[in-house]
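Visitor: For reference, this is start.cif, and it has mmCIF, C-alpha atoms.
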data_input
loop_
_atom_site.label_atom_id
_atom_site.label_comp_id
_atom_site.auth_asym_id
_atom_site.auth_seq_id
_atom_site.Cartn_x
_atom_site.Cartn_y
_atom_site.Cartn_z
CA MET W 233 20.47 -39.74 0.28
CA GLY W 234 18.01 -37.10 1.35
CA THR W 235 18.52 -33.39 1.02
CA ALA W 236 16.85 -30.88 3.28
CA GLU W 237 15.33 -27.78 1.80
CA ARG W 238 14.70 -24.78 3.97
CA ARG W 239 11.99 -22.37 2.93
CA GLU W 240 10.98 -19.20 4.68
CA ALA W 241 7.36 -19.08 5.70
CA PRO W 242 5.21 -16.46 3.95
CA GLU W 243 4.25 -14.83 7.25
CA GLU W 244 6.64 -13.05 9.54
CA GLY W 245 7.31 -14.77 12.83
CA ALA W 246 6.22 -18.17 11.55
CA ALA W 247 8.65 -21.04 11.76
CA ALA W 248 10.47 -22.07 8.61
CA GLN W 249 9.43 -25.35 7.05
CA VAL W 250 12.00 -28.06 6.53
CA THR W 251 11.15 -30.77 4.03
CA THR W 252 13.19 -33.82 3.31
CA ARG W 253 13.19 -35.52 -0.06
CA SER W 254 15.05 -38.50 -1.33
CA ASP W 255 17.15 -38.68 -4.47
CA ALA W 256 15.64 -41.01 -7.01
CA GLY W 257 18.89 -42.53 -8.22
CA ALA W 258 20.94 -43.36 -5.15
CA PRO W 259 19.51 -44.53 -1.84
CA GLY W 260 21.52 -43.64 1.24
CA PRO W 261 24.06 -45.99 2.79
CA GLY W 262 22.26 -48.71 4.66
CA ALA W 263 18.85 -47.43 3.65
CA ALA W 264 17.88 -50.57 1.81
CA ALA W 265 19.37 -52.88 4.40
CA SER W 266 17.81 -51.32 7.44
CA GLY W 267 14.48 -50.43 5.83
CA ARG W 268 14.73 -46.88 7.09
CA GLY W 269 14.41 -43.93 4.74
CA THR W 270 16.12 -40.63 4.99
CA ALA W 271 13.02 -38.88 6.26
CA GLY W 272 13.44 -40.13 9.79
CA GLY W 273 12.10 -43.65 9.85
CA HIS W 274 9.09 -43.67 7.54
CA GLY W 275 10.58 -46.57 5.57
CA ALA W 276 9.60 -47.10 1.95
CA ALA W 277 6.84 -44.50 2.20
CA ALA W 278 9.43 -41.80 2.84
CA ARG W 279 11.55 -42.93 -0.11
CA GLU W 280 8.51 -42.85 -2.38
CA GLY W 281 7.76 -39.26 -1.37
CA THR W 282 4.60 -40.03 0.62
CA GLY W 283 4.11 -39.82 4.36
CA SER W 284 2.59 -42.37 6.66
CA THR W 285 -0.88 -41.06 5.82
CA GLY W 286 -0.30 -41.44 2.09
CA GLU W 287 -0.06 -37.71 1.41
CA PRO W 288 2.55 -36.52 -1.09
CA GLY W 289 5.61 -34.69 0.13
CA GLY W 290 6.31 -36.78 3.23
CA PHE W 291 4.11 -34.71 5.55
CA SER W 292 1.93 -36.58 7.97
CA GLY W 293 -0.33 -33.65 8.85
CA LYS W 294 -1.80 -30.91 6.73
CA ALA W 295 -0.84 -30.56 3.11
CA SER W 296 1.89 -27.98 2.69
CA TYR W 297 0.81 -24.58 1.40
CA ARG W 298 3.20 -22.72 -0.82
CA PRO W 299 1.93 -19.38 -2.16
CA LEU W 300 2.67 -18.32 -5.71
CA TRP W 301 4.24 -15.09 -4.47
CA VAL W 302 4.99 -13.37 -1.20
CA GLU W 303 3.82 -9.79 -0.88
CA GLU W 304 6.49 -7.38 0.22
CA PRO W 305 5.66 -4.20 2.09
CA ALA W 306 5.80 -1.06 -0.02
CA ARG W 307 9.00 0.91 0.31
CA ARG W 308 7.17 4.20 -0.05
CA ARG W 309 3.86 5.22 1.40
CA ARG W 310 0.91 5.78 -0.89
CA LEU W 311 0.36 9.37 -2.00
CA PRO W 312 -2.58 11.19 -0.42
CA ASP W 313 -5.70 11.20 -2.60
CA PRO W 314 -5.65 14.90 -3.62
CA VAL W 315 -1.96 14.73 -4.52
CA ARG W 316 -2.44 11.53 -6.50
CA THR W 317 -5.39 13.06 -8.40
CA ALA W 318 -3.29 16.11 -9.30
CA ALA W 319 -0.39 13.88 -10.37
CA VAL W 320 -2.61 11.77 -12.64
CA ARG W 321 -4.06 14.92 -14.18
CA ALA W 322 -0.55 16.29 -14.77
CA VAL W 323 0.62 13.06 -16.42
CA LEU W 324 -2.39 13.06 -18.77
CA ILE W 325 -1.87 16.70 -19.75
CA ILE W 326 1.86 16.16 -20.31
CA SER W 327 1.23 13.10 -22.48
CA VAL W 328 -1.31 15.00 -24.62
CA THR W 329 1.19 17.87 -24.93
CA LEU W 330 3.92 15.52 -26.15
CA ILE W 331 1.57 13.94 -28.69
CA GLN W 332 0.55 17.38 -29.96
CA ALA W 333 4.19 18.46 -30.27
CA MET W 334 5.04 15.35 -32.27
CA VAL W 335 2.03 15.83 -34.57
CA ALA W 336 3.00 19.48 -35.05
CA PHE W 337 6.56 18.45 -35.93
CA LEU W 338 5.40 15.82 -38.43
CA CYS W 339 2.86 18.22 -39.98
CA THR W 340 5.63 20.80 -40.37
CA LEU W 341 7.84 18.25 -42.13
CA ALA W 342 4.96 17.30 -44.42
CA GLU W 343 4.19 20.98 -45.07
CA SER W 344 0.57 20.39 -44.12
CA TRP W 345 -1.93 23.17 -43.37
CA LEU W 346 -2.47 21.52 -39.96
CA ALA W 347 1.03 22.48 -38.79
CA PHE W 348 0.18 26.02 -37.66
CA PRO W 349 -2.89 25.10 -35.53
CA MET W 350 -0.95 22.19 -33.99
CA VAL W 351 1.97 24.46 -33.06
CA ILE W 352 -0.43 26.94 -31.44
CA SER W 353 -2.19 24.16 -29.51
CA SER W 354 1.17 22.71 -28.45
CA VAL W 355 2.18 26.06 -26.98
CA VAL W 356 -1.11 26.29 -25.07
CA SER W 357 -0.73 22.69 -23.88
CA THR W 358 2.81 23.40 -22.69
CA ILE W 359 1.48 26.23 -20.53
CA LEU W 360 -1.23 23.91 -19.18
CA ALA W 361 1.31 21.16 -18.48
CA THR W 362 3.50 23.61 -16.54
CA TRP W 363 0.46 24.64 -14.51
CA ALA W 364 -0.42 20.98 -13.86
CA VAL W 365 3.06 20.19 -12.53
CA LEU W 366 2.95 23.27 -10.29
CA ASP W 367 -0.51 22.16 -9.14
CA VAL W 368 0.93 18.81 -7.99
CA TRP W 369 3.64 20.59 -6.02
CA VAL W 370 1.21 23.09 -4.44
CA THR W 371 -1.33 20.37 -3.58
CA ARG W 372 1.40 18.31 -1.92
CA GLN W 373 2.61 21.30 0.11
CA VAL W 374 -0.94 22.18 1.20
CA TRP W 375 -1.67 18.57 2.21
CA ASN W 376 1.56 18.38 4.22
CA GLN W 377 0.75 21.68 5.88
CA ARG W 378 -2.73 20.59 6.91
CA ASN W 379 -2.30 16.89 7.66
CA GLY W 380 1.39 16.12 7.74
CA VAL W 381 3.77 16.14 10.65
CA VAL W 382 5.49 19.43 9.90
CA SER W 383 7.53 20.86 12.75
CA ALA W 384 7.11 24.45 11.65
CA PRO W 385 5.44 27.11 13.79
CA SER W 386 3.04 28.00 10.97
CA SER W 387 1.81 24.41 10.60
CA THR W 388 -1.93 24.04 11.10
CA ALA W 389 -1.59 20.27 11.53
CA ARG W 390 -0.77 20.59 15.22
CA ALA W 391 -3.81 22.77 15.96
CA LEU W 392 -6.12 20.48 13.98
CA ARG W 393 -4.76 17.47 15.84
CA ARG W 394 -5.28 19.24 19.15
CA GLU W 395 -8.91 20.03 18.25
CA ARG W 396 -9.55 16.43 17.18
CA ARG W 397 -8.03 15.15 20.43
CA ARG W 398 -10.21 17.53 22.48
CA ALA W 399 -13.36 16.41 20.61
CA ARG W 400 -12.48 12.73 21.16
CA ARG W 401 -11.88 13.38 24.88
CA GLN W 402 -15.27 15.07 25.22
CA GLN W 403 -16.96 12.22 23.35
CA ARG W 404 -15.34 9.61 25.61
CA ALA W 405 -16.32 11.58 28.72
CA ALA W 406 -19.94 11.75 27.51
CA GLN W 407 -19.95 8.00 26.80
CA ARG W 408 -18.55 7.27 30.28
CA ALA W 409 -21.23 9.47 31.86
CA GLN W 410 -23.96 7.68 29.89
CA ALA W 411 -22.57 4.29 30.92
CA ARG W 412 -22.44 5.40 34.55
CA ILE W 413 -26.06 6.54 34.40
CA ARG W 414 -27.12 3.25 32.82
CA ARG W 415 -25.29 1.24 35.51
CA ARG W 416 -27.07 3.12 38.26
CA GLY W 417 -30.38 2.46 36.58
CA GLY W 418 -31.12 6.12 36.00
CA ALA W 419 -30.99 6.96 39.70
CA GLY W 420 -28.18 9.44 39.26
CA GLN W 421 -29.98 11.67 36.79
CA LEU W 422 -30.33 15.28 37.78
CA SER W 423 -33.83 16.67 38.02
CA HIS W 424 -34.75 20.12 36.76
CA PRO W 425 -35.04 22.71 39.57
#
Just give me the structure as structure tokens.
Guide:
Amino acid sequence: MGTAERREAPEEGAAAQVTTRSDAGAPGPGAAASGRGTAGGHGAAAREGTGSTGEPGGFSGKASYRPLWVEEPARRRRLPDPVRTAAVRAVLIISVTLIQAMVAFLCTLAESWLAFPMVISSVVSTILATWAVLDVWVTRQVWNQRNGVVSAPSSTARALRRERRRARRQQRAAQRAQARIRRRGGAGQLSHP
């Protein structure tokens, strides 16, 4: 007896595929007597798992395409480039600071002469790591202020957007004027007085 599997298509809005396969052990009631398979009348070819064109899977058209994985949209947007650069720099500095602190601790336990310089460098690296984290925060705030949609009166994003819109409008008007002049064959050009 056949079982129907329903798979979602990898693309949104595409119809789901329904495939029918037969169980190897037990044919359906009356399948052998009537000569009809469970795949809707393809006979023995449907029971063998091949369609009327001899293709595997019981499809009589294109071969079925099943991707290895389906990409899901990201839940969070990607960080802006300056913010991401500052974040990577902060992570590197913090990791070096942690390594230095561990080396300083182990050198102190071993009573090595390297303990004192490592402690001093760990203190300096801690100050740098604090600065790096603050740099990420400040860079993010500056980027949001300049490019983000911030509904604050001091936001420069609105003014920048207004200037860009005005420049685009002027560019489109100039292009329309050029197209109008070309359509008229240059007859509409103004002459110098």
Visitor: Got a sec to resolve the PyMOL selection byres ((chain W and resi 378) around 6) on this structure and send the residues as a PyMOL selection string?
Guide: chain W and resi 375-377+379+388-389
Visitor: Using all atoms listed in the file, which protein or nucleic acid residues come within 9 Å of Ala319 in chain W? Drop anything in the same chain fewer than 6 positions from it, and give the result as a PyMOL selection string.
Guide: chain W and resi 364-365+367-369
Visitor: Just to confirm, what's the straight-line distance from CA of Trp345 in chain W to CA of Ala333 in chain W in Å (one decimal)?
Guide: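 It comes out at 15.2 Å.
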Visitor: Out of W:Arg416, W:Leu300, W:Leu360, W:Arg404, which residue has the shortest atom-to-atom distance to Leu324 in chain W when counting all atoms listed in the file?
Guide: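 Closest candidate: W:Leu360.
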Visitor: Between CA of Arg309 in chain W and CA of Arg390 in chain W, measure the distance and give it in Å to one decimal.
Guide: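 Answer for the CA of Arg309 in chain W to CA of Arg390 in chain W separation: 21.2 Å.
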Visitor: Evaluate the PyMOL selection byres ((chain W and resi 351) around 12) here and jot the selected residues down as a VMD selection string.
Guide: chain W and resid 329 to 340 344 to 350 352 to 358
Visitor: Output C-alpha atoms for every residue in the selection just made, as a PDB file, in the coordinates of the input.
Guide:
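This is the output file out-v5.pdb:
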ATOM      1  CA  THR W 329       1.190  17.870 -24.930  1.00  0.00           C
ATOM      2  CA  LEU W 330       3.920  15.520 -26.150  1.00  0.00           C
ATOM      3  CA  ILE W 331       1.570  13.940 -28.690  1.00  0.00           C
ATOM      4  CA  GLN W 332       0.550  17.380 -29.960  1.00  0.00           C
ATOM      5  CA  ALA W 333       4.190  18.460 -30.270  1.00  0.00           C
ATOM      6  CA  MET W 334       5.040  15.350 -32.270  1.00  0.00           C
ATOM      7  CA  VAL W 335       2.030  15.830 -34.570  1.00  0.00           C
ATOM      8  CA  ALA W 336       3.000  19.480 -35.050  1.00  0.00           C
ATOM      9  CA  PHE W 337       6.560  18.450 -35.930  1.00  0.00           C
ATOM     10  CA  LEU W 338       5.400  15.820 -38.430  1.00  0.00           C
ATOM     11  CA  CYS W 339       2.860  18.220 -39.980  1.00  0.00           C
ATOM     12  CA  THR W 340       5.630  20.800 -40.370  1.00  0.00           C
ATOM     13  CA  SER W 344       0.570  20.390 -44.120  1.00  0.00           C
ATOM     14  CA  TRP W 345      -1.930  23.170 -43.370  1.00  0.00           C
ATOM     15  CA  LEU W 346      -2.470  21.520 -39.960  1.00  0.00           C
ATOM     16  CA  ALA W 347       1.030  22.480 -38.790  1.00  0.00           C
ATOM     17  CA  PHE W 348       0.180  26.020 -37.660  1.00  0.00           C
ATOM     18  CA  PRO W 349      -2.890  25.100 -35.530  1.00  0.00           C
ATOM     19  CA  MET W 350      -0.950  22.190 -33.990  1.00  0.00           C
ATOM     20  CA  ILE W 352      -0.430  26.940 -31.440  1.00  0.00           C
ATOM     21  CA  SER W 353      -2.190  24.160 -29.510  1.00  0.00           C
ATOM     22  CA  SER W 354       1.170  22.710 -28.450  1.00  0.00           C
ATOM     23  CA  VAL W 355       2.180  26.060 -26.980  1.00  0.00           C
ATOM     24  CA  VAL W 356      -1.110  26.290 -25.070  1.00  0.00           C
ATOM     25  CA  SER W 357      -0.730  22.690 -23.880  1.00  0.00           C
ATOM     26  CA  THR W 358       2.810  23.400 -22.690  1.00  0.00           C
TER      27      THR W 358
END
